[in-house]
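Printed here is query_17.tsv (TSV, C-alpha atoms):
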```tsv
chain	number	residue	atom	x	y	z
A	10	MET	CA	29.81	-6.29	-15.81
A	11	LYS	CA	28.48	-3.94	-18.46
A	12	GLY	CA	25.15	-5.80	-18.43
A	13	THR	CA	24.86	-5.40	-14.66
A	14	GLN	CA	25.65	-1.70	-14.89
A	15	ALA	CA	23.03	-1.26	-17.61
A	16	ILE	CA	20.38	-2.95	-15.45
A	17	SER	CA	21.35	-0.76	-12.50
A	18	VAL	CA	21.06	2.41	-14.56
A	19	THR	CA	17.70	1.32	-15.97
A	20	LEU	CA	16.35	0.58	-12.49
A	21	LEU	CA	17.55	3.87	-11.10
A	22	MET	CA	16.04	5.87	-13.96
A	23	SER	CA	12.75	4.02	-13.53
A	24	PHE	CA	12.79	4.79	-9.82
A	25	LEU	CA	13.32	8.48	-10.48
A	26	VAL	CA	10.47	8.55	-13.00
A	27	LEU	CA	8.22	6.82	-10.46
A	28	ALA	CA	9.26	9.01	-7.63
A	29	THR	CA	8.75	12.58	-8.87
A	30	ARG	CA	11.58	14.91	-8.06
A	31	GLY	CA	12.33	18.60	-7.79
A	32	LYS	CA	10.71	21.35	-5.76
A	33	ASP	CA	9.07	23.09	-8.68
A	34	VAL	CA	7.84	20.08	-10.64
A	35	ARG	CA	4.26	18.88	-10.19
A	36	TYR	CA	3.14	15.44	-11.31
A	37	ARG	CA	-0.29	14.05	-12.00
A	38	ARG	CA	-1.74	12.62	-8.89
A	39	GLN	CA	-2.82	9.01	-9.19
A	40	GLU	CA	-3.91	7.88	-5.75
A	41	GLU	CA	-5.88	10.71	-4.08
A	42	ASP	CA	-7.95	13.65	-5.15
A	43	SER	CA	-10.79	15.98	-4.22
A	44	THR	CA	-13.41	14.80	-1.76
A	45	GLN	CA	-16.70	13.33	-2.89
A	46	ILE	CA	-19.48	11.62	-0.99
A	47	LEU	CA	-20.33	8.04	-1.86
A	48	THR	CA	-23.66	6.82	-0.51
A	49	TYR	CA	-24.55	3.20	0.06
A	50	GLN	CA	-27.33	0.88	1.17
A	51	GLY	CA	-27.56	-2.39	3.03
A	52	VAL	CA	-26.28	-1.27	6.45
A	53	ASN	CA	-26.66	-4.19	8.87
A	54	LYS	CA	-25.40	-2.45	12.01
A	55	THR	CA	-23.22	0.46	13.09
A	56	ILE	CA	-20.27	0.03	15.45
A	57	GLN	CA	-18.42	2.73	17.37
A	58	MET	CA	-14.92	1.72	18.43
A	59	GLU	CA	-13.22	2.72	21.68
A	60	ASP	CA	-10.86	4.97	19.72
A	61	GLY	CA	-13.83	6.88	18.26
A	62	ASP	CA	-13.91	5.30	14.79
A	63	VAL	CA	-17.37	4.52	13.44
A	64	TYR	CA	-17.94	1.59	11.06
A	65	ASP	CA	-21.04	0.59	9.16
A	66	CYS	CA	-21.43	-3.15	8.66
A	67	ILE	CA	-22.76	-3.66	5.12
A	68	ASP	CA	-24.02	-6.76	3.35
A	69	VAL	CA	-21.09	-8.09	1.33
A	70	TYR	CA	-23.18	-8.01	-1.87
A	71	LYS	CA	-24.27	-4.40	-1.28
A	72	GLN	CA	-20.81	-2.96	-0.68
A	73	PRO	CA	-19.82	0.03	-2.86
A	74	GLY	CA	-17.06	-1.92	-4.62
A	75	LEU	CA	-19.63	-3.91	-6.60
A	76	ASN	CA	-21.11	-0.82	-8.27
A	77	HIS	CA	-18.52	-1.11	-11.03
A	78	PRO	CA	-20.18	-1.91	-14.39
A	79	LEU	CA	-17.79	-4.85	-14.94
A	80	LEU	CA	-18.89	-6.36	-11.60
A	81	LYS	CA	-22.63	-6.28	-12.20
A	82	ASP	CA	-23.04	-10.06	-11.91
A	83	HIS	CA	-19.86	-10.70	-9.95
A	84	LYS	CA	-19.89	-13.73	-7.64
A	85	ILE	CA	-17.82	-12.89	-4.60
A	86	GLN	CA	-15.01	-15.22	-3.63
A	87	MET	CA	-14.93	-15.13	0.16
A	88	LYS	CA	-11.35	-16.37	0.43
A	89	PRO	CA	-8.49	-17.31	-1.89
A	90	SER	CA	-8.07	-20.98	-2.77
A	91	SER	CA	-4.85	-20.81	-0.76
A	92	ILE	CA	-2.82	-18.14	1.00
A	93	PRO	CA	0.93	-18.12	0.33
A	94	VAL	CA	2.90	-19.33	3.34
A	95	TRP	CA	4.10	-16.32	5.29
A	96	MET	CA	7.18	-16.10	7.43
A	97	ASP	CA	7.01	-17.13	11.08
A	98	THR	CA	7.49	-13.81	12.84
A	99	GLU	CA	7.85	-15.62	16.16
A	100	SER	CA	11.14	-17.10	14.89
A	101	PHE	CA	12.74	-13.65	14.72
A	102	PRO	CA	15.06	-12.63	17.58
A	103	SER	CA	12.86	-11.72	20.54
A	104	ASP	CA	14.42	-8.28	20.94
A	105	SER	CA	13.84	-7.27	17.33
A	106	PHE	CA	10.17	-6.35	16.89
A	107	SER	CA	6.59	-7.54	17.25
A	108	GLN	CA	3.46	-7.37	15.13
A	109	ALA	CA	0.87	-4.63	15.52
A	110	GLU	CA	-2.76	-5.48	15.04
A	111	PRO	CA	-5.45	-3.46	13.23
A	112	SER	CA	-8.72	-2.44	14.79
A	113	ILE	CA	-10.98	-5.51	14.95
A	114	ILE	CA	-14.52	-4.66	13.87
A	115	GLU	CA	-17.11	-7.20	14.96
A	116	CYS	CA	-19.30	-7.36	11.85
A	117	PRO	CA	-21.23	-10.63	11.37
A	118	THR	CA	-20.21	-13.22	8.78
A	119	GLY	CA	-21.26	-12.15	5.28
A	120	ILE	CA	-21.09	-8.52	6.32
A	121	VAL	CA	-18.11	-6.17	5.74
A	122	PRO	CA	-16.95	-3.05	7.62
A	123	ILE	CA	-16.87	0.37	5.94
A	124	LEU	CA	-15.19	3.17	7.89
A	125	ARG	CA	-17.01	6.47	8.23
A	126	SER	CA	-14.93	9.65	8.17
A	127	ASN	CA	-15.37	12.81	10.26
A	128	GLY	CA	-18.64	11.54	11.70
A	129	SER	CA	-20.35	11.53	8.31
A	130	THR	CA	-23.17	9.06	7.71
A	131	THR	CA	-21.74	8.46	4.26
A	132	ILE	CA	-18.33	7.37	3.04
A	133	ALA	CA	-15.92	10.27	2.70
A	134	THR	CA	-13.99	9.55	-0.46
A	135	HIS	CA	-11.10	10.83	-2.49
A	136	ASN	CA	-11.90	10.06	-6.08
A	137	ILE	CA	-8.76	9.99	-8.12
A	138	ASP	CA	-8.45	11.03	-11.70
A	139	GLY	CA	-4.89	11.42	-12.95
A	140	LEU	CA	-6.01	13.82	-15.66
A	141	LYS	CA	-7.66	16.40	-13.43
A	142	ASN	CA	-5.15	17.37	-10.78
A	143	ASP	CA	-1.42	17.87	-10.67
A	144	MET	CA	0.05	16.75	-7.37
A	145	GLN	CA	3.54	16.55	-5.94
A	146	TRP	CA	5.19	13.24	-5.11
A	147	GLU	CA	8.36	12.03	-3.41
A	148	ARG	CA	9.52	8.44	-2.95
A	149	ALA	CA	12.32	6.56	-1.24
A	150	GLY	CA	12.74	2.81	-1.21
A	151	LEU	CA	13.47	-0.18	-3.40
A	152	ILE	CA	12.20	-1.23	-6.82
A	153	TYR	CA	12.34	-4.54	-8.66
A	154	MET	CA	11.93	-4.81	-12.42
A	155	GLY	CA	10.84	-8.09	-13.97
A	156	ASP	CA	7.76	-10.31	-14.23
A	157	LEU	CA	6.09	-10.97	-10.89
A	158	TYR	CA	2.79	-12.21	-9.50
A	159	GLY	CA	3.02	-10.92	-5.96
A	160	ALA	CA	5.00	-8.75	-3.57
A	161	ARG	CA	5.21	-8.75	0.19
A	162	ALA	CA	7.27	-7.51	3.13
A	163	SER	CA	7.30	-6.80	6.83
A	164	LEU	CA	6.75	-3.04	7.21
A	165	ASN	CA	8.06	-1.12	10.22
A	166	ILE	CA	5.12	0.93	11.59
A	167	TRP	CA	5.48	4.64	12.31
A	168	GLU	CA	3.19	7.68	12.42
A	169	PRO	CA	5.04	10.31	10.39
A	170	LYS	CA	4.01	13.90	10.94
A	171	VAL	CA	2.07	15.47	8.09
A	172	LYS	CA	1.76	19.28	8.01
A	173	GLY	CA	-0.86	19.95	5.37
A	174	SER	CA	-4.23	18.26	5.75
A	175	GLN	CA	-4.19	17.43	2.02
A	176	ASP	CA	-0.77	15.76	2.08
A	177	SER	CA	-0.13	12.16	3.11
A	178	SER	CA	2.79	9.92	4.03
A	179	ALA	CA	2.67	6.18	3.35
A	180	ILE	CA	4.65	3.01	3.98
A	181	TRP	CA	3.77	1.30	0.74
A	182	ILE	CA	3.96	-1.79	-1.49
A	183	SER	CA	2.97	-1.41	-5.15
A	184	ILE	CA	2.87	-3.72	-8.16
A	185	GLU	CA	2.65	-2.24	-11.65
A	186	ASN	CA	2.37	-3.30	-15.26
A	187	ARG	CA	3.80	-0.60	-17.54
A	188	ARG	CA	2.68	-1.90	-20.94
A	189	GLY	CA	0.23	0.96	-21.44
A	190	GLN	CA	0.85	4.68	-21.76
A	191	GLN	CA	0.08	4.85	-18.05
A	192	PRO	CA	0.68	1.82	-15.82
A	193	ASP	CA	-1.89	-0.35	-14.10
A	194	ARG	CA	-1.14	-0.45	-10.38
A	195	VAL	CA	-2.35	-2.23	-7.24
A	196	SER	CA	-1.04	-1.08	-3.86
A	197	ALA	CA	-1.44	-1.64	-0.14
A	198	GLY	CA	0.21	-0.46	3.03
A	199	LEU	CA	0.04	1.99	5.90
A	200	ARG	CA	-0.71	5.67	5.50
A	201	VAL	CA	-1.15	8.84	7.55
A	202	ALA	CA	-3.69	10.84	5.54
A	203	PRO	CA	-5.69	13.48	7.44
A	204	ALA	CA	-7.79	14.25	4.37
A	205	LEU	CA	-8.95	10.63	4.24
A	206	SER	CA	-9.60	9.88	7.89
A	207	GLY	CA	-9.81	13.28	9.58
A	208	ASP	CA	-6.92	12.46	11.92
A	209	ALA	CA	-3.17	11.85	11.99
A	210	PHE	CA	-3.23	8.14	12.87
A	211	VAL	CA	-1.55	5.48	10.74
A	212	ARG	CA	-4.12	3.27	9.02
A	213	LEU	CA	-4.34	0.36	6.62
A	214	HIS	CA	-5.17	1.43	3.06
A	215	VAL	CA	-5.43	-0.09	-0.42
A	216	ALA	CA	-5.25	1.77	-3.74
A	217	TRP	CA	-5.24	1.04	-7.44
A	218	PHE	CA	-4.82	2.77	-10.79
A	219	ASP	CA	-6.33	1.65	-14.08
A	220	GLY	CA	-3.97	2.85	-16.80
A	221	TYR	CA	-6.48	2.19	-19.57
A	222	SER	CA	-9.23	4.43	-18.16
A	223	LYS	CA	-6.61	6.65	-16.45
A	224	LYS	CA	-8.41	6.53	-13.14
A	225	GLY	CA	-7.25	5.63	-9.67
A	226	CYS	CA	-8.96	5.07	-6.33
A	227	ILE	CA	-8.21	4.47	-2.69
A	228	ASP	CA	-10.18	2.17	-0.37
A	229	HIS	CA	-13.91	2.50	-1.15
A	230	SER	CA	-13.66	5.83	-2.96
A	231	CYS	CA	-14.91	4.25	-6.17
A	232	PRO	CA	-16.06	0.77	-7.19
A	233	GLY	CA	-13.65	-2.07	-7.91
A	234	TYR	CA	-12.02	-3.27	-4.70
A	235	VAL	CA	-14.02	-6.13	-3.14
A	236	GLN	CA	-13.90	-6.39	0.66
A	237	VAL	CA	-14.51	-9.87	2.11
A	238	HIS	CA	-13.20	-9.99	5.68
A	239	PRO	CA	-15.80	-9.07	8.34
A	240	HIS	CA	-13.35	-7.75	10.93
A	241	ILE	CA	-10.42	-6.06	9.13
A	242	GLY	CA	-10.66	-3.62	6.25
A	243	PRO	CA	-9.29	-0.46	4.62
A	244	GLY	CA	-9.14	2.45	7.03
A	245	SER	CA	-8.48	0.26	10.08
A	246	ARG	CA	-6.25	2.00	12.59
A	247	ILE	CA	-2.95	0.22	13.25
A	248	GLN	CA	-1.59	0.46	16.78
A	249	PRO	CA	0.69	0.73	18.56
A	250	SER	CA	3.31	2.24	16.28
A	251	SER	CA	7.05	2.07	16.84
A	252	VAL	CA	8.88	4.20	19.42
A	253	TYR	CA	12.07	6.06	18.50
A	254	GLY	CA	14.88	4.22	20.29
A	255	GLY	CA	12.36	1.78	21.79
A	256	ASP	CA	9.89	-0.96	20.86
A	257	GLN	CA	9.53	-1.65	17.15
A	258	ARG	CA	6.26	-2.75	15.55
A	259	VAL	CA	5.70	-4.34	12.15
A	260	ALA	CA	2.86	-5.28	9.84
A	261	ASP	CA	3.09	-8.07	7.27
A	262	ILE	CA	1.51	-6.93	4.01
A	263	GLN	CA	1.27	-9.02	0.86
A	264	ILE	CA	-0.38	-8.62	-2.53
A	265	PHE	CA	-0.61	-11.71	-4.70
A	266	LYS	CA	-2.35	-12.88	-7.84
A	267	GLU	CA	-4.32	-16.08	-7.39
A	268	PRO	CA	-3.71	-18.25	-10.50
A	269	LYS	CA	-7.16	-19.87	-10.59
A	270	SER	CA	-9.29	-16.72	-10.44
A	271	ASN	CA	-6.74	-14.11	-11.61
A	272	TYR	CA	-7.79	-11.94	-8.66
A	273	TRP	CA	-5.22	-9.73	-6.94
A	274	TRP	CA	-5.57	-10.41	-3.19
A	275	VAL	CA	-4.41	-8.30	-0.24
A	276	SER	CA	-3.57	-9.81	3.14
A	277	TYR	CA	-2.61	-8.30	6.48
A	278	ASN	CA	-0.62	-10.48	8.89
A	279	ASN	CA	-1.53	-13.47	6.69
A	280	ILE	CA	-5.27	-12.72	6.79
A	281	ALA	CA	-6.85	-12.20	3.36
A	282	ILE	CA	-9.08	-9.12	3.54
A	283	GLY	CA	-10.13	-8.41	-0.06
A	284	TYR	CA	-9.24	-8.41	-3.75
A	285	TRP	CA	-9.39	-6.73	-7.13
A	286	PRO	CA	-10.86	-8.86	-9.94
A	287	GLY	CA	-8.24	-9.05	-12.69
A	288	GLY	CA	-10.82	-8.15	-15.32
A	289	LEU	CA	-10.90	-4.58	-14.02
A	290	PHE	CA	-7.48	-3.95	-15.57
A	291	GLU	CA	-6.21	-3.90	-19.11
A	292	PHE	CA	-2.59	-4.87	-18.41
A	293	ILE	CA	-1.97	-6.09	-14.85
A	294	ARG	CA	-4.69	-8.73	-15.11
A	295	TYR	CA	-1.96	-11.15	-16.24
A	296	ARG	CA	1.15	-10.11	-14.30
A	297	GLY	CA	3.14	-7.20	-12.95
A	298	ASP	CA	6.51	-6.09	-14.26
A	299	LEU	CA	7.64	-3.71	-11.49
A	300	ALA	CA	7.31	-3.64	-7.71
A	301	PHE	CA	8.05	-0.91	-5.18
A	302	TRP	CA	8.59	-1.11	-1.43
A	303	GLY	CA	9.21	2.05	0.58
A	304	GLY	CA	7.94	5.44	1.63
A	305	GLN	CA	5.75	7.69	-0.47
A	306	VAL	CA	4.55	11.22	0.25
A	307	GLU	CA	2.04	12.99	-1.94
A	308	GLY	CA	-0.21	16.01	-2.00
A	309	PRO	CA	-0.33	19.65	-3.07
A	310	THR	CA	2.77	20.51	-0.97
A	311	ALA	CA	4.53	17.12	-0.81
A	312	SER	CA	7.64	18.48	-2.55
A	313	SER	CA	7.59	22.14	-1.55
A	314	LYS	CA	6.72	21.52	2.14
A	315	SER	CA	7.46	17.82	2.41
A	316	PRO	CA	6.05	15.83	5.36
A	317	GLN	CA	8.02	13.25	7.28
A	318	MET	CA	8.56	9.81	5.77
A	319	GLY	CA	8.90	6.66	7.86
A	320	SER	CA	10.16	7.56	11.33
A	321	GLY	CA	11.06	11.07	10.24
A	322	HIS	CA	14.76	10.18	10.51
A	323	PHE	CA	17.33	9.36	7.86
A	324	ALA	CA	18.21	5.77	6.95
A	325	SER	CA	21.73	6.10	8.35
A	326	GLU	CA	20.39	6.13	11.92
A	327	GLY	CA	19.59	2.42	11.62
A	328	PHE	CA	17.51	0.06	13.74
A	329	ARG	CA	15.08	1.51	16.32
A	330	LYS	CA	15.53	4.98	14.82
A	331	ALA	CA	15.05	4.77	11.05
A	332	ALA	CA	12.16	2.99	9.35
A	333	PHE	CA	12.92	-0.41	7.83
A	334	ILE	CA	11.32	-2.92	5.50
A	335	ARG	CA	12.33	-6.55	5.91
A	336	LYS	CA	11.64	-9.89	4.25
A	337	ILE	CA	11.11	-8.25	0.85
A	338	GLU	CA	9.89	-10.97	-1.52
A	339	ILE	CA	8.26	-11.46	-4.91
A	340	ALA	CA	6.06	-14.30	-6.20
A	341	ASP	CA	6.27	-16.38	-9.37
A	342	ASP	CA	3.26	-17.57	-11.38
A	343	THR	CA	2.63	-20.39	-8.88
A	344	VAL	CA	2.51	-17.81	-6.05
A	345	LYS	CA	5.72	-19.13	-4.55
A	346	PHE	CA	7.50	-16.26	-2.83
A	347	ALA	CA	11.26	-15.78	-2.78
A	348	THR	CA	13.86	-13.07	-2.28
A	349	PRO	CA	14.39	-11.04	-5.48
A	350	ASN	CA	17.62	-11.30	-7.43
A	351	ARG	CA	19.80	-8.66	-5.81
A	352	TYR	CA	21.03	-7.54	-9.23
A	353	MET	CA	17.47	-6.77	-10.34
A	354	VAL	CA	16.71	-4.31	-7.54
A	355	GLU	CA	17.78	-0.76	-6.87
A	356	ILE	CA	17.34	1.51	-3.87
A	357	GLY	CA	17.07	5.25	-4.18
A	358	SER	CA	15.32	8.47	-3.30
A	359	SER	CA	13.69	11.22	-5.30
A	360	ASP	CA	15.36	13.85	-3.08
A	361	GLN	CA	18.36	12.82	-0.97
A	362	SER	CA	18.24	16.07	0.99
A	363	LYS	CA	14.84	15.12	2.42
A	364	TYR	CA	14.74	11.31	2.36
A	365	THR	CA	17.48	8.69	2.17
A	366	THR	CA	17.81	4.93	1.73
A	367	GLY	CA	20.50	2.63	3.04
A	368	GLY	CA	21.29	-0.45	5.08
A	369	PHE	CA	20.58	-2.78	2.15
A	370	ASP	CA	21.23	-6.35	3.25
A	371	ILE	CA	20.17	-9.96	2.68
A	372	SER	CA	20.33	-12.21	5.74
A	373	LYS	CA	19.00	-15.58	6.85
A	374	ASP	CA	16.92	-14.09	9.67
A	375	PHE	CA	15.41	-11.05	7.94
A	376	GLY	CA	15.74	-11.67	4.20
A	377	MET	CA	16.16	-8.62	1.98
A	378	THR	CA	16.16	-5.45	4.10
A	379	ILE	CA	16.36	-1.70	3.55
A	380	TYR	CA	16.18	1.39	5.73
A	381	TYR	CA	14.60	4.58	4.40
A	382	GLY	CA	12.93	7.86	5.30
A	383	GLY	CA	13.68	11.32	6.58
A	384	PRO	CA	12.31	14.57	7.98
A	385	GLY	CA	11.31	16.05	4.63
A	386	SER	CA	11.02	19.80	5.14
A	387	MET	CA	10.10	19.34	8.80
A	388	ARG	CA	13.56	19.57	10.36
A	389	SER	CA	13.58	20.60	13.98
```

Take the structure I supplied and represent it as structure tokens, if you would.
Amino acid sequence: MKGTQAISVTLLMSFLVLATRGKDVRYRRQEEDSTQILTYQGVNKTIQMEDGDVYDCIDVYKQPGLNHPLLKDHKIQMKPSSIPVWMDTESFPSDSFSQAEPSIIECPTGIVPILRSNGSTTIATHNIDGLKNDMQWERAGLIYMGDLYGARASLNIWEPKVKGSQDSSAIWISIENRRGQQPDRVSAGLRVAPALSGDAFVRLHVAWFDGYSKKGCIDHSCPGYVQVHPHIGPGSRIQPSSVYGGDQRVADIQIFKEPKSNYWWVSYNNIAIGYWPGGLFEFIRYRGDLAFWGGQVEGPTASSKSPQMGSGHFASEGFRKAAFIRKIEIADDTVKFATPNRYMVEIGSSDQSKYTTGGFDISKDFGMTIYYGGPGSMRS
């Protein structure tokens, strides 16, 4: 009993450290920063979507991700040797929820889509350097502590309202290795980030932080992430989102480390879209030792004028009203996914007055489940 209590306390303290707390405390921002412009070459064609998004189709070997000095002679792996078997969403009760699809960009094979922002002919980026800017964070969700080689879940899709154009609100999965002074991290999920996309739509994003060089990036903001899928990529708009009291939409996101290559792959609805070569990192190249699933808000006013998280409603409101994450799983070194040990996870929030967690359950139909979220400072 004492051992279990000790683990619980350790998990909770780790969550609070991860989550930034307090109105007057600012923490170093690790996944977004001031805007830069990243130019590129090798545009094959330009596509304008019906929703107004503009994508440039770029030769896969001329994409900005390969400008990293460690990837100078990198040979791109177009797909993982195998994709971990994902759950059969069609087997869920028919009245529960359905998958939402990302924008499908019709780039040719061997070509990858790069989203333009605000009509620019170059990539609008948010170069992240944890040493330059102090930013506010809040988090609510679930963490697991222990060795792992992948994390995945079915994320309930919402478009939380974000007041400040520099703030963002994400539905997020992260894997970390905390061996260094600052952790290595790879992340993926859904985010409303006006400063990134110029709008308030929920979009697919990836992010990473290199603890050794103390630098983090999102999407194509700096080299390192290698895009391979010609039709789905970072920045893709996800629609439709869920309706309060009505239809619920989900997206299946997984991050996993392929044993043969040591690449960290990202997939959306069981489609592999890209990867980070393990050699980019000092610590997480071998394994992760902490995973997070939940909501994350960040920006210059994320604590003082907090945006909505999830549906904008507290966890206690439950299904169709509060945001949920279901089928939470971790992978072992053979990339076999399973439900985490319930005694090695903890749910919590950095500020219970703004965001809550609840509804923790493990069931045959939905696996490990939590509800989370809240209005932040945006109460009606």

Name all residues at most 8 Å from Val306 in chain A (count all atoms listed in the file; drop same-chain ones fewer than 4 positions away) and give them as a short mmCIF file (atom, residue, chain, number, x, y, z; two decimals) with C-alpha atoms, keeping the file's coordinate frame.
```
data_model
loop_
_atom_site.label_atom_id
_atom_site.label_comp_id
_atom_site.auth_asym_id
_atom_site.auth_seq_id
_atom_site.Cartn_x
_atom_site.Cartn_y
_atom_site.Cartn_z
CA TRP A 146 5.19 13.24 -5.11
CA GLU A 147 8.36 12.03 -3.41
CA ARG A 148 9.52 8.44 -2.95
CA ASP A 176 -0.77 15.76 2.08
CA SER A 177 -0.13 12.16 3.11
CA SER A 178 2.79 9.92 4.03
CA ALA A 179 2.67 6.18 3.35
CA ALA A 311 4.53 17.12 -0.81
CA SER A 315 7.46 17.82 2.41
CA PRO A 316 6.05 15.83 5.36
CA MET A 318 8.56 9.81 5.77
#
```

Could the residues of range 239-294 of chain A that have an atom at most 10 Å from range 61-70 of chain A be listed as a tab-separated table, each with its closest atom pair and the distance in Å to one decimal, counting all atoms listed in the file and ordered by chain and ascending residue number?
```
residue	atom	partner	partner_atom	distance
A:Pro239	CA	A:Cys66	CA	8.2
A:His240	CA	A:Cys66	CA	9.6
A:Gly244	CA	A:Asp62	CA	9.5
A:Ser245	CA	A:Asp62	CA	8.8
A:Arg246	CA	A:Asp62	CA	8.6
```

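Closest to Ala324 in chain A among A:Thr118, A:Thr366, A:Ser358, A:Ser270 is A:Thr366, based on all atoms listed in the file.
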
Selected residue of minimal separation from Glu115 in chain A among A:Lys345, A:Arg194, A:Lys54, A:Arg187, counting only C-alpha atoms: A:Lys54

Atomic distance CA of Gly155 in chain A - CA of Asp374 in chain A, expressed in Å with one decimal: 25.1 Å

Protein/DNA/RNA residues near (16.6, 17.0, 5.0), cut 10 Å, all atoms listed in the file, as a list in words: Ser315, Gln317, Gly321, His322, Phe323, Asp360, Gln361, Ser362, Lys363, Tyr364, Thr365, Gly382, Gly383, Pro384, Gly385, Ser386, Met387 and Arg388 of chain A

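Interatomic distance, CA of Ile113 in chain A to CA of Ile241 in chain A: 5.9 Å.
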
Atomic distance CA of Gln248 in chain A - CA of Gln145 in chain A, expressed in Å with one decimal: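 A separation of 28.3 Å between them.
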
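The smallest atom-to-atom distance between Gly297 in chain A and any of A:Gly254, A:Pro243, A:Gly319, A:Gly159, using all atoms listed in the file, is found for A:Gly159.
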
Closest atom pairs, range 163-185 of chain A residues within 10 Å of range 211-219 of chain A, all atoms listed in the file, as JSON lines:
```
{"residue": "A:Ile166", "atom": "CA", "partner": "A:Val211", "partner_atom": "CA", "distance": 8.1}
{"residue": "A:Trp167", "atom": "CA", "partner": "A:Val211", "partner_atom": "CA", "distance": 7.3}
{"residue": "A:Glu168", "atom": "CA", "partner": "A:Val211", "partner_atom": "CA", "distance": 5.5}
{"residue": "A:Pro169", "atom": "CA", "partner": "A:Val211", "partner_atom": "CA", "distance": 8.2}
{"residue": "A:Ser178", "atom": "CA", "partner": "A:Val211", "partner_atom": "CA", "distance": 9.1}
{"residue": "A:Ala179", "atom": "CA", "partner": "A:Val211", "partner_atom": "CA", "distance": 8.5}
{"residue": "A:Ile180", "atom": "CA", "partner": "A:Val211", "partner_atom": "CA", "distance": 9.5}
{"residue": "A:Trp181", "atom": "CA", "partner": "A:His214", "partner_atom": "CA", "distance": 9.2}
{"residue": "A:Ile182", "atom": "CA", "partner": "A:Val215", "partner_atom": "CA", "distance": 9.6}
{"residue": "A:Ser183", "atom": "CA", "partner": "A:Trp217", "partner_atom": "CA", "distance": 8.9}
{"residue": "A:Ile184", "atom": "CA", "partner": "A:Trp217", "partner_atom": "CA", "distance": 9.4}
{"residue": "A:Glu185", "atom": "CA", "partner": "A:Phe218", "partner_atom": "CA", "distance": 9.0}
```

Among listed residues A:Ile56, A:Ala204, A:Val252, A:Ile262, nearest Pro309 in chain A (using all atoms listed in the file):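 Among A:Ile56, A:Ala204, A:Val252, A:Ile262, it is A:Ala204 that comes nearest to Pro309 in chain A.
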
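If you measure from each of A:Met353, A:Ala331, A:Ile227, A:Val195 to Phe290 in chain A using all atoms listed in the file, the closest one turns out to be A:Val195.
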
Residue with smallest distance to Ser230 in chain A - pool A:Ala109, A:Ile247, A:Leu124, A:Leu299, counting all atoms listed in the file: A:Leu124
